[in-house]
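Shown here: structure.tsv, TSV, N, CA and C atoms.
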chain	number	residue	atom	x	y	z
A	1	MET	N	-12.97	-1.42	-10.46
A	1	MET	CA	-12.47	-2.77	-10.32
A	1	MET	C	-13.42	-3.56	-9.42
A	2	ASN	N	-13.83	-4.73	-9.87
A	2	ASN	CA	-14.70	-5.55	-9.03
A	2	ASN	C	-13.87	-6.42	-8.08
A	3	PHE	N	-14.53	-7.12	-7.18
A	3	PHE	CA	-13.81	-7.89	-6.17
A	3	PHE	C	-12.93	-8.97	-6.80
A	4	ASN	N	-13.38	-9.59	-7.87
A	4	ASN	CA	-12.60	-10.65	-8.52
A	4	ASN	C	-11.29	-10.08	-9.09
A	5	GLU	N	-11.37	-8.92	-9.74
A	5	GLU	CA	-10.16	-8.28	-10.28
A	5	GLU	C	-9.21	-7.87	-9.16
A	6	ALA	N	-9.76	-7.39	-8.05
A	6	ALA	CA	-8.92	-6.98	-6.93
A	6	ALA	C	-8.12	-8.17	-6.39
A	7	ILE	N	-8.77	-9.32	-6.30
A	7	ILE	CA	-8.08	-10.51	-5.81
A	7	ILE	C	-7.06	-10.98	-6.84
A	8	LEU	N	-7.41	-10.96	-8.12
A	8	LEU	CA	-6.47	-11.34	-9.18
A	8	LEU	C	-5.22	-10.47	-9.15
A	9	ASN	N	-5.39	-9.17	-8.88
A	9	ASN	CA	-4.28	-8.23	-8.89
A	9	ASN	C	-3.46	-8.25	-7.61
A	10	TYR	N	-3.97	-8.87	-6.55
A	10	TYR	CA	-3.25	-8.88	-5.28
A	10	TYR	C	-1.96	-9.70	-5.41
A	11	GLN	N	-0.86	-9.16	-4.91
A	11	GLN	CA	0.43	-9.84	-4.93
A	11	GLN	C	0.70	-10.47	-3.56
A	12	PRO	N	0.61	-11.80	-3.46
A	12	PRO	CA	0.85	-12.47	-2.17
A	12	PRO	C	2.26	-12.19	-1.66
A	13	ILE	N	2.38	-12.10	-0.33
A	13	ILE	CA	3.70	-11.82	0.26
A	13	ILE	C	4.37	-13.07	0.80
A	14	ASN	N	3.64	-14.22	0.81
A	14	ASN	CA	4.25	-15.47	1.27
A	14	ASN	C	3.48	-16.65	0.67
A	15	LYS	N	3.96	-17.87	0.97
A	15	LYS	CA	3.34	-19.09	0.41
A	15	LYS	C	1.90	-19.24	0.86
A	16	GLN	N	1.61	-18.92	2.12
A	16	GLN	CA	0.25	-19.05	2.64
A	16	GLN	C	-0.72	-18.16	1.87
A	17	GLU	N	-0.33	-16.90	1.65
A	17	GLU	CA	-1.19	-16.00	0.90
A	17	GLU	C	-1.35	-16.45	-0.54
A	18	LYS	N	-0.30	-17.01	-1.13
A	18	LYS	CA	-0.39	-17.52	-2.51
A	18	LYS	C	-1.40	-18.66	-2.57
A	19	SER	N	-1.33	-19.57	-1.61
A	19	SER	CA	-2.27	-20.69	-1.55
A	19	SER	C	-3.70	-20.19	-1.31
A	20	ASP	N	-3.86	-19.27	-0.38
A	20	ASP	CA	-5.19	-18.71	-0.08
A	20	ASP	C	-5.79	-18.05	-1.33
A	21	LYS	N	-4.97	-17.30	-2.06
A	21	LYS	CA	-5.44	-16.62	-3.26
A	21	LYS	C	-5.94	-17.64	-4.29
A	22	GLU	N	-5.19	-18.71	-4.50
A	22	GLU	CA	-5.60	-19.74	-5.46
A	22	GLU	C	-6.92	-20.39	-5.04
A	23	ILE	N	-7.07	-20.69	-3.76
A	23	ILE	CA	-8.30	-21.31	-3.25
A	23	ILE	C	-9.49	-20.37	-3.44
A	24	ILE	N	-9.30	-19.10	-3.10
A	24	ILE	CA	-10.38	-18.12	-3.21
A	24	ILE	C	-10.79	-17.94	-4.67
A	25	LEU	N	-9.83	-17.84	-5.57
A	25	LEU	CA	-10.16	-17.67	-6.99
A	25	LEU	C	-10.89	-18.89	-7.54
A	26	ASP	N	-10.50	-20.08	-7.12
A	26	ASP	CA	-11.20	-21.30	-7.54
A	26	ASP	C	-12.63	-21.30	-7.02
A	27	TYR	N	-12.81	-20.90	-5.78
A	27	TYR	CA	-14.14	-20.84	-5.18
A	27	TYR	C	-15.02	-19.83	-5.91
A	28	ILE	N	-14.45	-18.69	-6.25
A	28	ILE	CA	-15.19	-17.68	-7.00
A	28	ILE	C	-15.65	-18.24	-8.34
A	29	ASP	N	-14.77	-18.98	-9.02
A	29	ASP	CA	-15.15	-19.59	-10.30
A	29	ASP	C	-16.35	-20.52	-10.16
A	30	HIS	N	-16.42	-21.26	-9.06
A	30	HIS	CA	-17.49	-22.23	-8.86
A	30	HIS	C	-18.80	-21.61	-8.36
A	31	PHE	N	-18.71	-20.51	-7.63
A	31	PHE	CA	-19.90	-19.95	-6.97
A	31	PHE	C	-20.08	-18.46	-7.23
A	32	TYR	N	-19.70	-17.99	-8.40
A	32	TYR	CA	-19.72	-16.56	-8.69
A	32	TYR	C	-21.09	-15.92	-8.46
A	33	ASP	N	-22.15	-16.63	-8.78
A	33	ASP	CA	-23.49	-16.05	-8.71
A	33	ASP	C	-23.95	-15.71	-7.29
A	34	ASN	N	-23.46	-16.44	-6.28
A	34	ASN	CA	-23.94	-16.14	-4.92
A	34	ASN	C	-22.84	-16.11	-3.87
A	35	ILE	N	-21.61	-15.90	-4.29
A	35	ILE	CA	-20.49	-15.91	-3.34
A	35	ILE	C	-20.53	-14.72	-2.37
A	36	LEU	N	-21.25	-13.68	-2.72
A	36	LEU	CA	-21.31	-12.49	-1.86
A	36	LEU	C	-22.54	-12.46	-0.96
A	37	THR	N	-23.36	-13.48	-1.01
A	37	THR	CA	-24.59	-13.45	-0.21
A	37	THR	C	-24.67	-14.64	0.73
A	38	ARG	N	-25.52	-14.51	1.72
A	38	ARG	CA	-25.74	-15.59	2.68
A	38	ARG	C	-26.49	-16.77	2.06
A	39	GLU	N	-26.97	-16.58	0.82
A	39	GLU	CA	-27.62	-17.70	0.11
A	39	GLU	C	-26.66	-18.86	-0.07
A	40	ASN	N	-25.37	-18.55	-0.21
A	40	ASN	CA	-24.36	-19.59	-0.37
A	40	ASN	C	-24.12	-20.22	1.01
A	41	GLN	N	-24.59	-21.44	1.18
A	41	GLN	CA	-24.56	-22.09	2.50
A	41	GLN	C	-23.22	-22.75	2.80
A	42	ILE	N	-22.36	-22.88	1.80
A	42	ILE	CA	-21.05	-23.48	2.03
A	42	ILE	C	-20.11	-22.44	2.64
A	43	ALA	N	-19.98	-21.33	1.97
A	43	ALA	CA	-19.16	-20.21	2.44
A	43	ALA	C	-19.43	-19.02	1.53
A	44	HIS	N	-19.35	-17.84	2.07
A	44	HIS	CA	-19.50	-16.65	1.25
A	44	HIS	C	-18.53	-15.59	1.72
A	45	MET	N	-18.22	-14.68	0.82
A	45	MET	CA	-17.23	-13.66	1.11
A	45	MET	C	-17.89	-12.51	1.88
A	46	THR	N	-17.15	-12.02	2.84
A	46	THR	CA	-17.56	-10.83	3.57
A	46	THR	C	-16.45	-9.80	3.43
A	47	SER	N	-16.70	-8.64	3.94
A	47	SER	CA	-15.71	-7.58	3.88
A	47	SER	C	-15.29	-7.21	5.30
A	48	SER	N	-14.00	-7.02	5.50
A	48	SER	CA	-13.50	-6.58	6.79
A	48	SER	C	-12.55	-5.42	6.58
A	49	GLY	N	-12.50	-4.55	7.55
A	49	GLY	CA	-11.60	-3.41	7.46
A	49	GLY	C	-10.87	-3.19	8.76
A	50	LEU	N	-9.56	-3.08	8.69
A	50	LEU	CA	-8.76	-2.79	9.88
A	50	LEU	C	-8.50	-1.28	9.88
A	51	ILE	N	-9.19	-0.57	10.75
A	51	ILE	CA	-9.09	0.88	10.82
A	51	ILE	C	-8.13	1.25	11.94
A	52	LEU	N	-7.02	1.87	11.57
A	52	LEU	CA	-5.99	2.27	12.53
A	52	LEU	C	-5.98	3.78	12.71
A	53	ASN	N	-5.60	4.21	13.92
A	53	ASN	CA	-5.46	5.65	14.14
A	53	ASN	C	-4.17	6.13	13.47
A	54	ASP	N	-3.94	7.44	13.47
A	54	ASP	CA	-2.78	8.02	12.78
A	54	ASP	C	-1.45	7.48	13.29
A	55	SER	N	-1.35	7.21	14.60
A	55	SER	CA	-0.08	6.73	15.16
A	55	SER	C	0.06	5.21	15.08
A	56	LEU	N	-0.92	4.54	14.48
A	56	LEU	CA	-0.91	3.08	14.25
A	56	LEU	C	-0.77	2.27	15.54
A	57	ASP	N	-1.29	2.81	16.65
A	57	ASP	CA	-1.20	2.06	17.90
A	57	ASP	C	-2.58	1.68	18.46
A	58	LYS	N	-3.64	2.02	17.71
A	58	LYS	CA	-5.00	1.65	18.11
A	58	LYS	C	-5.80	1.22	16.89
A	59	ILE	N	-6.71	0.24	17.13
A	59	ILE	CA	-7.60	-0.26	16.09
A	59	ILE	C	-9.02	0.05	16.49
A	60	LEU	N	-9.83	0.53	15.55
A	60	LEU	CA	-11.24	0.72	15.80
A	60	LEU	C	-11.92	-0.64	15.64
A	61	MET	N	-12.52	-1.13	16.74
A	61	MET	CA	-13.11	-2.47	16.72
A	61	MET	C	-14.56	-2.43	17.18
A	62	ILE	N	-15.30	-3.47	16.77
A	62	ILE	CA	-16.68	-3.63	17.20
A	62	ILE	C	-16.78	-4.89	18.05
A	63	TYR	N	-17.77	-4.93	18.91
A	63	TYR	CA	-18.00	-6.15	19.70
A	63	TYR	C	-18.96	-7.04	18.93
A	64	HIS	N	-18.53	-8.27	18.66
A	64	HIS	CA	-19.33	-9.23	17.90
A	64	HIS	C	-20.04	-10.14	18.88
A	65	ASN	N	-21.35	-10.00	18.97
A	65	ASN	CA	-22.15	-10.75	19.95
A	65	ASN	C	-22.11	-12.26	19.72
A	66	ILE	N	-22.12	-12.69	18.48
A	66	ILE	CA	-22.14	-14.12	18.19
A	66	ILE	C	-20.84	-14.79	18.63
A	67	TYR	N	-19.70	-14.15	18.34
A	67	TYR	CA	-18.40	-14.73	18.70
A	67	TYR	C	-17.91	-14.28	20.07
A	68	ASN	N	-18.66	-13.39	20.71
A	68	ASN	CA	-18.33	-12.93	22.05
A	68	ASN	C	-16.90	-12.38	22.14
A	69	THR	N	-16.58	-11.49	21.21
A	69	THR	CA	-15.24	-10.93	21.16
A	69	THR	C	-15.23	-9.60	20.43
A	70	TRP	N	-14.18	-8.82	20.64
A	70	TRP	CA	-13.96	-7.61	19.86
A	70	TRP	C	-13.27	-8.02	18.57
A	71	THR	N	-13.69	-7.41	17.46
A	71	THR	CA	-13.15	-7.78	16.16
A	71	THR	C	-13.14	-6.57	15.23
A	72	TRP	N	-12.52	-6.75	14.07
A	72	TRP	CA	-12.47	-5.65	13.12
A	72	TRP	C	-13.84	-5.38	12.52
A	73	THR	N	-13.98	-4.23	11.90
A	73	THR	CA	-15.25	-3.85	11.30
A	73	THR	C	-15.46	-4.60	9.99
A	74	GLY	N	-16.70	-4.72	9.59
A	74	GLY	CA	-16.98	-5.38	8.32
A	74	GLY	C	-18.39	-5.92	8.30
A	75	GLY	N	-18.62	-6.80	7.34
A	75	GLY	CA	-19.94	-7.39	7.26
A	75	GLY	C	-20.19	-8.09	5.94
A	76	HIS	N	-21.46	-8.41	5.73
A	76	HIS	CA	-21.92	-9.14	4.56
A	76	HIS	C	-22.36	-8.16	3.48
A	77	ALA	N	-22.21	-8.59	2.23
A	77	ALA	CA	-22.67	-7.75	1.12
A	77	ALA	C	-24.18	-7.87	0.99
A	78	ASP	N	-24.67	-9.08	0.82
A	78	ASP	CA	-26.10	-9.36	0.70
A	78	ASP	C	-26.85	-8.39	-0.19
A	79	GLU	N	-26.16	-7.81	-1.13
A	79	GLU	CA	-26.72	-6.92	-2.13
A	79	GLU	C	-27.46	-5.72	-1.56
A	80	LYS	N	-27.05	-5.31	-0.28
A	80	LYS	CA	-27.67	-4.12	0.32
A	80	LYS	C	-26.97	-2.88	-0.14
A	81	GLU	N	-27.73	-1.88	-0.73
A	81	GLU	CA	-27.16	-0.62	-1.17
A	81	GLU	C	-26.97	0.32	0.02
A	82	LYS	N	-27.75	0.12	1.05
A	82	LYS	CA	-27.73	0.99	2.22
A	82	LYS	C	-26.97	0.31	3.35
A	83	LEU	N	-26.12	1.06	4.03
A	83	LEU	CA	-25.37	0.53	5.17
A	83	LEU	C	-26.32	0.33	6.34
A	84	VAL	N	-26.32	-0.88	6.89
A	84	VAL	CA	-27.19	-1.22	8.00
A	84	VAL	C	-26.36	-1.85	9.10
A	85	ILE	N	-26.53	-1.39	10.32
A	85	ILE	CA	-25.87	-2.00	11.46
A	85	ILE	C	-26.74	-3.13	11.96
A	86	ASN	N	-26.19	-4.34	11.98
A	86	ASN	CA	-26.93	-5.50	12.46
A	86	ASN	C	-26.75	-5.58	13.97
A	87	GLU	N	-27.70	-5.01	14.71
A	87	GLU	CA	-27.59	-4.92	16.16
A	87	GLU	C	-27.73	-6.27	16.85
A	88	GLU	N	-28.25	-7.28	16.14
A	88	GLU	CA	-28.31	-8.62	16.72
A	88	GLU	C	-26.92	-9.25	16.76
A	89	GLU	N	-26.08	-8.90	15.80
A	89	GLU	CA	-24.75	-9.49	15.72
A	89	GLU	C	-23.68	-8.66	16.39
A	90	THR	N	-23.84	-7.34	16.40
A	90	THR	CA	-22.76	-6.49	16.92
A	90	THR	C	-23.28	-5.46	17.91
A	91	SER	N	-22.39	-5.09	18.81
A	91	SER	CA	-22.68	-4.01	19.76
A	91	SER	C	-21.36	-3.41	20.20
A	92	GLY	N	-21.37	-2.15	20.47
A	92	GLY	CA	-20.16	-1.49	20.95
A	92	GLY	C	-19.14	-1.20	19.87
A	93	VAL	N	-18.54	-0.05	19.98
A	93	VAL	CA	-17.43	0.37	19.12
A	93	VAL	C	-16.40	0.99	20.04
A	94	ASN	N	-15.13	0.63	19.84
A	94	ASN	CA	-14.11	1.14	20.74
A	94	ASN	C	-12.74	1.13	20.06
A	95	TRP	N	-11.90	2.10	20.45
A	95	TRP	CA	-10.50	2.08	20.03
A	95	TRP	C	-9.76	1.14	20.98
A	96	ILE	N	-9.13	0.11	20.43
A	96	ILE	CA	-8.39	-0.88	21.21
A	96	ILE	C	-6.90	-0.70	20.94
A	97	GLU	N	-6.11	-0.63	22.03
A	97	GLU	CA	-4.67	-0.50	21.87
A	97	GLU	C	-4.09	-1.77	21.25
A	98	VAL	N	-3.25	-1.60	20.24
A	98	VAL	CA	-2.66	-2.73	19.53
A	98	VAL	C	-1.95	-3.68	20.49
A	99	ASN	N	-1.24	-3.13	21.47
A	99	ASN	CA	-0.48	-3.99	22.39
A	99	ASN	C	-1.37	-4.69	23.42
A	100	ARG	N	-2.69	-4.48	23.35
A	100	ARG	CA	-3.62	-5.14	24.28
A	100	ARG	C	-4.65	-6.00	23.54
A	101	LEU	N	-4.38	-6.33	22.29
A	101	LEU	CA	-5.33	-7.10	21.48
A	101	LEU	C	-5.73	-8.41	22.13
A	102	THR	N	-4.78	-9.11	22.74
A	102	THR	CA	-5.09	-10.42	23.34
A	102	THR	C	-6.05	-10.30	24.51
A	103	GLU	N	-6.17	-9.12	25.09
A	103	GLU	CA	-7.12	-8.92	26.19
A	103	GLU	C	-8.55	-8.75	25.67
A	104	TYR	N	-8.69	-8.39	24.41
A	104	TYR	CA	-10.01	-8.08	23.85
A	104	TYR	C	-10.50	-9.11	22.83
A	105	SER	N	-9.57	-9.79	22.18
A	105	SER	CA	-9.94	-10.75	21.14
A	105	SER	C	-9.67	-12.17	21.63
A	106	ASN	N	-10.63	-13.05	21.43
A	106	ASN	CA	-10.43	-14.46	21.79
A	106	ASN	C	-10.22	-15.30	20.53
A	107	GLU	N	-9.76	-14.65	19.47
A	107	GLU	CA	-9.53	-15.33	18.19
A	107	GLU	C	-8.05	-15.20	17.80
A	108	PRO	N	-7.20	-16.13	18.28
A	108	PRO	CA	-5.76	-16.04	18.00
A	108	PRO	C	-5.42	-15.94	16.52
A	109	TYR	N	-6.20	-16.64	15.69
A	109	TYR	CA	-5.95	-16.59	14.25
A	109	TYR	C	-6.09	-15.16	13.72
A	110	LEU	N	-7.14	-14.47	14.16
A	110	LEU	CA	-7.35	-13.10	13.70
A	110	LEU	C	-6.31	-12.14	14.27
A	111	ILE	N	-5.89	-12.38	15.51
A	111	ILE	CA	-4.85	-11.52	16.10
A	111	ILE	C	-3.60	-11.55	15.23
A	112	GLU	N	-3.24	-12.73	14.73
A	112	GLU	CA	-2.07	-12.83	13.84
A	112	GLU	C	-2.30	-12.05	12.55
A	113	ILE	N	-3.51	-12.09	12.02
A	113	ILE	CA	-3.82	-11.32	10.81
A	113	ILE	C	-3.73	-9.82	11.11
A	114	TYR	N	-4.31	-9.40	12.24
A	114	TYR	CA	-4.22	-7.98	12.62
A	114	TYR	C	-2.76	-7.53	12.69
A	115	LYS	N	-1.93	-8.34	13.36
A	115	LYS	CA	-0.51	-7.98	13.52
A	115	LYS	C	0.19	-7.89	12.17
A	116	LYS	N	-0.15	-8.80	11.26
A	116	LYS	CA	0.48	-8.78	9.93
A	116	LYS	C	0.10	-7.48	9.20
A	117	ILE	N	-1.17	-7.10	9.28
A	117	ILE	CA	-1.62	-5.88	8.60
A	117	ILE	C	-1.00	-4.64	9.26
A	118	ILE	N	-0.94	-4.64	10.58
A	118	ILE	CA	-0.33	-3.50	11.29
A	118	ILE	C	1.14	-3.37	10.93
A	119	ASP	N	1.87	-4.48	10.91
A	119	ASP	CA	3.28	-4.45	10.51
A	119	ASP	C	3.43	-3.92	9.10
A	120	LYS	N	2.54	-4.33	8.21
A	120	LYS	CA	2.58	-3.84	6.82
A	120	LYS	C	2.33	-2.32	6.78
A	121	ALA	N	1.37	-1.84	7.58
A	121	ALA	CA	1.07	-0.42	7.62
A	121	ALA	C	2.23	0.39	8.18
A	122	ARG	N	2.92	-0.18	9.15
A	122	ARG	CA	4.06	0.53	9.78
A	122	ARG	C	5.29	0.57	8.89
A	123	SER	N	5.37	-0.36	7.95
A	123	SER	CA	6.55	-0.39	7.08
A	123	SER	C	6.29	0.38	5.84

Kindly return the structure encoded in the file as structure tokens.
Amino acid sequence: MNFNEAILNYQPINKQEKSDKEIILDYIDHFYDNILTRENQIAHMTSSGLILNDSLDKILMIYHNIYNTWTWTGGHADEKEKLVINEEETSGVNWIEVNRLTEYSNEPYLIEIYKKIIDKARS
């Protein structure tokens, strides 16, 4: 399954996700040829992963130098077959306690996303 099919098959859990899905699919239709690369100067898709420990009380996070915060793992596709750590953008890897996210992340929007995913994993 390619990324477009994965998004098409995703079942939104609320109005916001439904709206986001429609916007993303429309954007893919307009920019399919370069939506996964930095060549697209408007916006491009990246991949993020929320890695939780077995007890779901810690997240494996990286320190993002550009945003000066701890964040989930991920990166750009840029058509690279080999996994490369971009040391200019990221440094440090650490298990962060879920109940201490606000001490490590300065991105309230992402904290809400993390909490939503954690709640989904716990249920």

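Taking atom N of His30 (chain A) and CA of Ile42 (chain A) as the two end points, the separation is 12.2 Å.
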
**OP:** Please identify all polymer residues within 6 Å of Gly75 (chain A), counting only N, CA and C atoms, omitting same-chain residues fewer than 2 positions from it, and present them as JSON, numbers by chain.
**Re:** {"A": [46, 47, 48, 73, 77]}

Original post:
Quick one: of A:Thr37, A:Leu50, A:Lys58, A:Trp95, who's nearest to Gly74 (chain A), counting all atoms listed in the file?
Top reply: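 The answer is A:Leu50, which sits nearest to Gly74 (chain A).
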
Subject >> In chain A, DSSP helix (DSSP H, G or I) residues written as a PyMOL selection string >> reply: chain A and resi 3-9+15-31+98-104+108-122

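One finds CA of Gln41 (chain A) at 28.9 Å from atom N of Ile13 (chain A).
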
Original post:
If you measure from atom C of Asn106 (chain A) to CA of Pro12 (chain A), what distance in Å do you get, rounded to one decimal?
Top reply: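 Atom-to-atom, atom C of Asn106 (chain A) to CA of Pro12 (chain A), that is 25.4 Å.
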
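Ranking A:Thr90, A:Asn99, A:Asn4, A:Gln16 by their shortest atom-to-atom distance to Thr69 (chain A), with only C-alpha atoms included, puts A:Thr90 first.
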
Original post:
Restricting the calculation to all atoms listed in the file, which member of A:His76, A:Asp33, A:Lys116, A:Ile7 is positioned closest to Lys21 (chain A)?
Top reply: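 That would be A:Ile7, the residue with the smallest distance to Lys21 (chain A).
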
**OP:** Please run DSSP on the backbone and report, as a list in words, all residues within region 37-112 of chain A that come out as strand (DSSP E or B).
**Re:** Thr46, Ser47, Ser48, Gly49, Ile51, Leu52, Lys58, Ile59, Leu60, Met61, Ile62, Tyr63, His64, Thr69, Trp70, Thr71, Thr73, Gly74, Gly75, His76, Thr90, Ser91, Gly92, Val93, Asn94, Trp95, Ile96 and Glu97 of chain A

With N, CA and C atoms retained, could you export that selection as a PDB file, keeping the file's coordinate frame?
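Saved to again02.pdb:
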ATOM      1  N   THR A  46     -17.150 -12.020   2.840  1.00  0.00           N
ATOM      2  CA  THR A  46     -17.560 -10.830   3.570  1.00  0.00           C
ATOM      3  C   THR A  46     -16.450  -9.800   3.430  1.00  0.00           C
ATOM      4  N   SER A  47     -16.700  -8.640   3.940  1.00  0.00           N
ATOM      5  CA  SER A  47     -15.710  -7.580   3.880  1.00  0.00           C
ATOM      6  C   SER A  47     -15.290  -7.210   5.300  1.00  0.00           C
ATOM      7  N   SER A  48     -14.000  -7.020   5.500  1.00  0.00           N
ATOM      8  CA  SER A  48     -13.500  -6.580   6.790  1.00  0.00           C
ATOM      9  C   SER A  48     -12.550  -5.420   6.580  1.00  0.00           C
ATOM     10  N   GLY A  49     -12.500  -4.550   7.550  1.00  0.00           N
ATOM     11  CA  GLY A  49     -11.600  -3.410   7.460  1.00  0.00           C
ATOM     12  C   GLY A  49     -10.870  -3.190   8.760  1.00  0.00           C
ATOM     13  N   ILE A  51      -9.190  -0.570  10.750  1.00  0.00           N
ATOM     14  CA  ILE A  51      -9.090   0.880  10.820  1.00  0.00           C
ATOM     15  C   ILE A  51      -8.130   1.250  11.940  1.00  0.00           C
ATOM     16  N   LEU A  52      -7.020   1.870  11.570  1.00  0.00           N
ATOM     17  CA  LEU A  52      -5.990   2.270  12.530  1.00  0.00           C
ATOM     18  C   LEU A  52      -5.980   3.780  12.710  1.00  0.00           C
ATOM     19  N   LYS A  58      -3.640   2.020  17.710  1.00  0.00           N
ATOM     20  CA  LYS A  58      -5.000   1.650  18.110  1.00  0.00           C
ATOM     21  C   LYS A  58      -5.800   1.220  16.890  1.00  0.00           C
ATOM     22  N   ILE A  59      -6.710   0.240  17.130  1.00  0.00           N
ATOM     23  CA  ILE A  59      -7.600  -0.260  16.090  1.00  0.00           C
ATOM     24  C   ILE A  59      -9.020   0.050  16.490  1.00  0.00           C
ATOM     25  N   LEU A  60      -9.830   0.530  15.550  1.00  0.00           N
ATOM     26  CA  LEU A  60     -11.240   0.720  15.800  1.00  0.00           C
ATOM     27  C   LEU A  60     -11.920  -0.640  15.640  1.00  0.00           C
ATOM     28  N   MET A  61     -12.520  -1.130  16.740  1.00  0.00           N
ATOM     29  CA  MET A  61     -13.110  -2.470  16.720  1.00  0.00           C
ATOM     30  C   MET A  61     -14.560  -2.430  17.180  1.00  0.00           C
ATOM     31  N   ILE A  62     -15.300  -3.470  16.770  1.00  0.00           N
ATOM     32  CA  ILE A  62     -16.680  -3.630  17.200  1.00  0.00           C
ATOM     33  C   ILE A  62     -16.780  -4.890  18.050  1.00  0.00           C
ATOM     34  N   TYR A  63     -17.770  -4.930  18.910  1.00  0.00           N
ATOM     35  CA  TYR A  63     -18.000  -6.150  19.700  1.00  0.00           C
ATOM     36  C   TYR A  63     -18.960  -7.040  18.930  1.00  0.00           C
ATOM     37  N   HIS A  64     -18.530  -8.270  18.660  1.00  0.00           N
ATOM     38  CA  HIS A  64     -19.330  -9.230  17.900  1.00  0.00           C
ATOM     39  C   HIS A  64     -20.040 -10.140  18.880  1.00  0.00           C
ATOM     40  N   THR A  69     -16.580 -11.490  21.210  1.00  0.00           N
ATOM     41  CA  THR A  69     -15.240 -10.930  21.160  1.00  0.00           C
ATOM     42  C   THR A  69     -15.230  -9.600  20.430  1.00  0.00           C
ATOM     43  N   TRP A  70     -14.180  -8.820  20.640  1.00  0.00           N
ATOM     44  CA  TRP A  70     -13.960  -7.610  19.860  1.00  0.00           C
ATOM     45  C   TRP A  70     -13.270  -8.020  18.570  1.00  0.00           C
ATOM     46  N   THR A  71     -13.690  -7.410  17.460  1.00  0.00           N
ATOM     47  CA  THR A  71     -13.150  -7.780  16.160  1.00  0.00           C
ATOM     48  C   THR A  71     -13.140  -6.570  15.230  1.00  0.00           C
ATOM     49  N   THR A  73     -13.980  -4.230  11.900  1.00  0.00           N
ATOM     50  CA  THR A  73     -15.250  -3.850  11.300  1.00  0.00           C
ATOM     51  C   THR A  73     -15.460  -4.600   9.990  1.00  0.00           C
ATOM     52  N   GLY A  74     -16.700  -4.720   9.590  1.00  0.00           N
ATOM     53  CA  GLY A  74     -16.980  -5.380   8.320  1.00  0.00           C
ATOM     54  C   GLY A  74     -18.390  -5.920   8.300  1.00  0.00           C
ATOM     55  N   GLY A  75     -18.620  -6.800   7.340  1.00  0.00           N
ATOM     56  CA  GLY A  75     -19.940  -7.390   7.260  1.00  0.00           C
ATOM     57  C   GLY A  75     -20.190  -8.090   5.940  1.00  0.00           C
ATOM     58  N   HIS A  76     -21.460  -8.410   5.730  1.00  0.00           N
ATOM     59  CA  HIS A  76     -21.920  -9.140   4.560  1.00  0.00           C
ATOM     60  C   HIS A  76     -22.360  -8.160   3.480  1.00  0.00           C
ATOM     61  N   THR A  90     -23.840  -7.340  16.400  1.00  0.00           N
ATOM     62  CA  THR A  90     -22.760  -6.490  16.920  1.00  0.00           C
ATOM     63  C   THR A  90     -23.280  -5.460  17.910  1.00  0.00           C
ATOM     64  N   SER A  91     -22.390  -5.090  18.810  1.00  0.00           N
ATOM     65  CA  SER A  91     -22.680  -4.010  19.760  1.00  0.00           C
ATOM     66  C   SER A  91     -21.360  -3.410  20.200  1.00  0.00           C
ATOM     67  N   GLY A  92     -21.370  -2.150  20.470  1.00  0.00           N
ATOM     68  CA  GLY A  92     -20.160  -1.490  20.950  1.00  0.00           C
ATOM     69  C   GLY A  92     -19.140  -1.200  19.870  1.00  0.00           C
ATOM     70  N   VAL A  93     -18.540  -0.050  19.980  1.00  0.00           N
ATOM     71  CA  VAL A  93     -17.430   0.370  19.120  1.00  0.00           C
ATOM     72  C   VAL A  93     -16.400   0.990  20.040  1.00  0.00           C
ATOM     73  N   ASN A  94     -15.130   0.630  19.840  1.00  0.00           N
ATOM     74  CA  ASN A  94     -14.110   1.140  20.740  1.00  0.00           C
ATOM     75  C   ASN A  94     -12.740   1.130  20.060  1.00  0.00           C
ATOM     76  N   TRP A  95     -11.900   2.100  20.450  1.00  0.00           N
ATOM     77  CA  TRP A  95     -10.500   2.080  20.030  1.00  0.00           C
ATOM     78  C   TRP A  95      -9.760   1.140  20.980  1.00  0.00           C
ATOM     79  N   ILE A  96      -9.130   0.110  20.430  1.00  0.00           N
ATOM     80  CA  ILE A  96      -8.390  -0.880  21.210  1.00  0.00           C
ATOM     81  C   ILE A  96      -6.900  -0.700  20.940  1.00  0.00           C
ATOM     82  N   GLU A  97      -6.110  -0.630  22.030  1.00  0.00           N
ATOM     83  CA  GLU A  97      -4.670  -0.500  21.870  1.00  0.00           C
ATOM     84  C   GLU A  97      -4.090  -1.770  21.250  1.00  0.00           C
TER      85      GLU A  97
END

Original post:
Restricting the calculation to only C-alpha atoms, which member of A:Leu110, A:Ile23, A:Ile118, A:Ile35 is positioned closest to Asp57 (chain A)?
Top reply: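 Using only C-alpha atoms, Asp57 (chain A) sits closest to A:Ile118.
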
**OP:** For each of A:Thr102, A:Asn40, A:Ser91, A:Ser123, take the minimum atom-to-atom distance to Ile66 (chain A), counting only N, CA and C atoms, then give the residue where this is smallest.
**Re:** A:Ser91
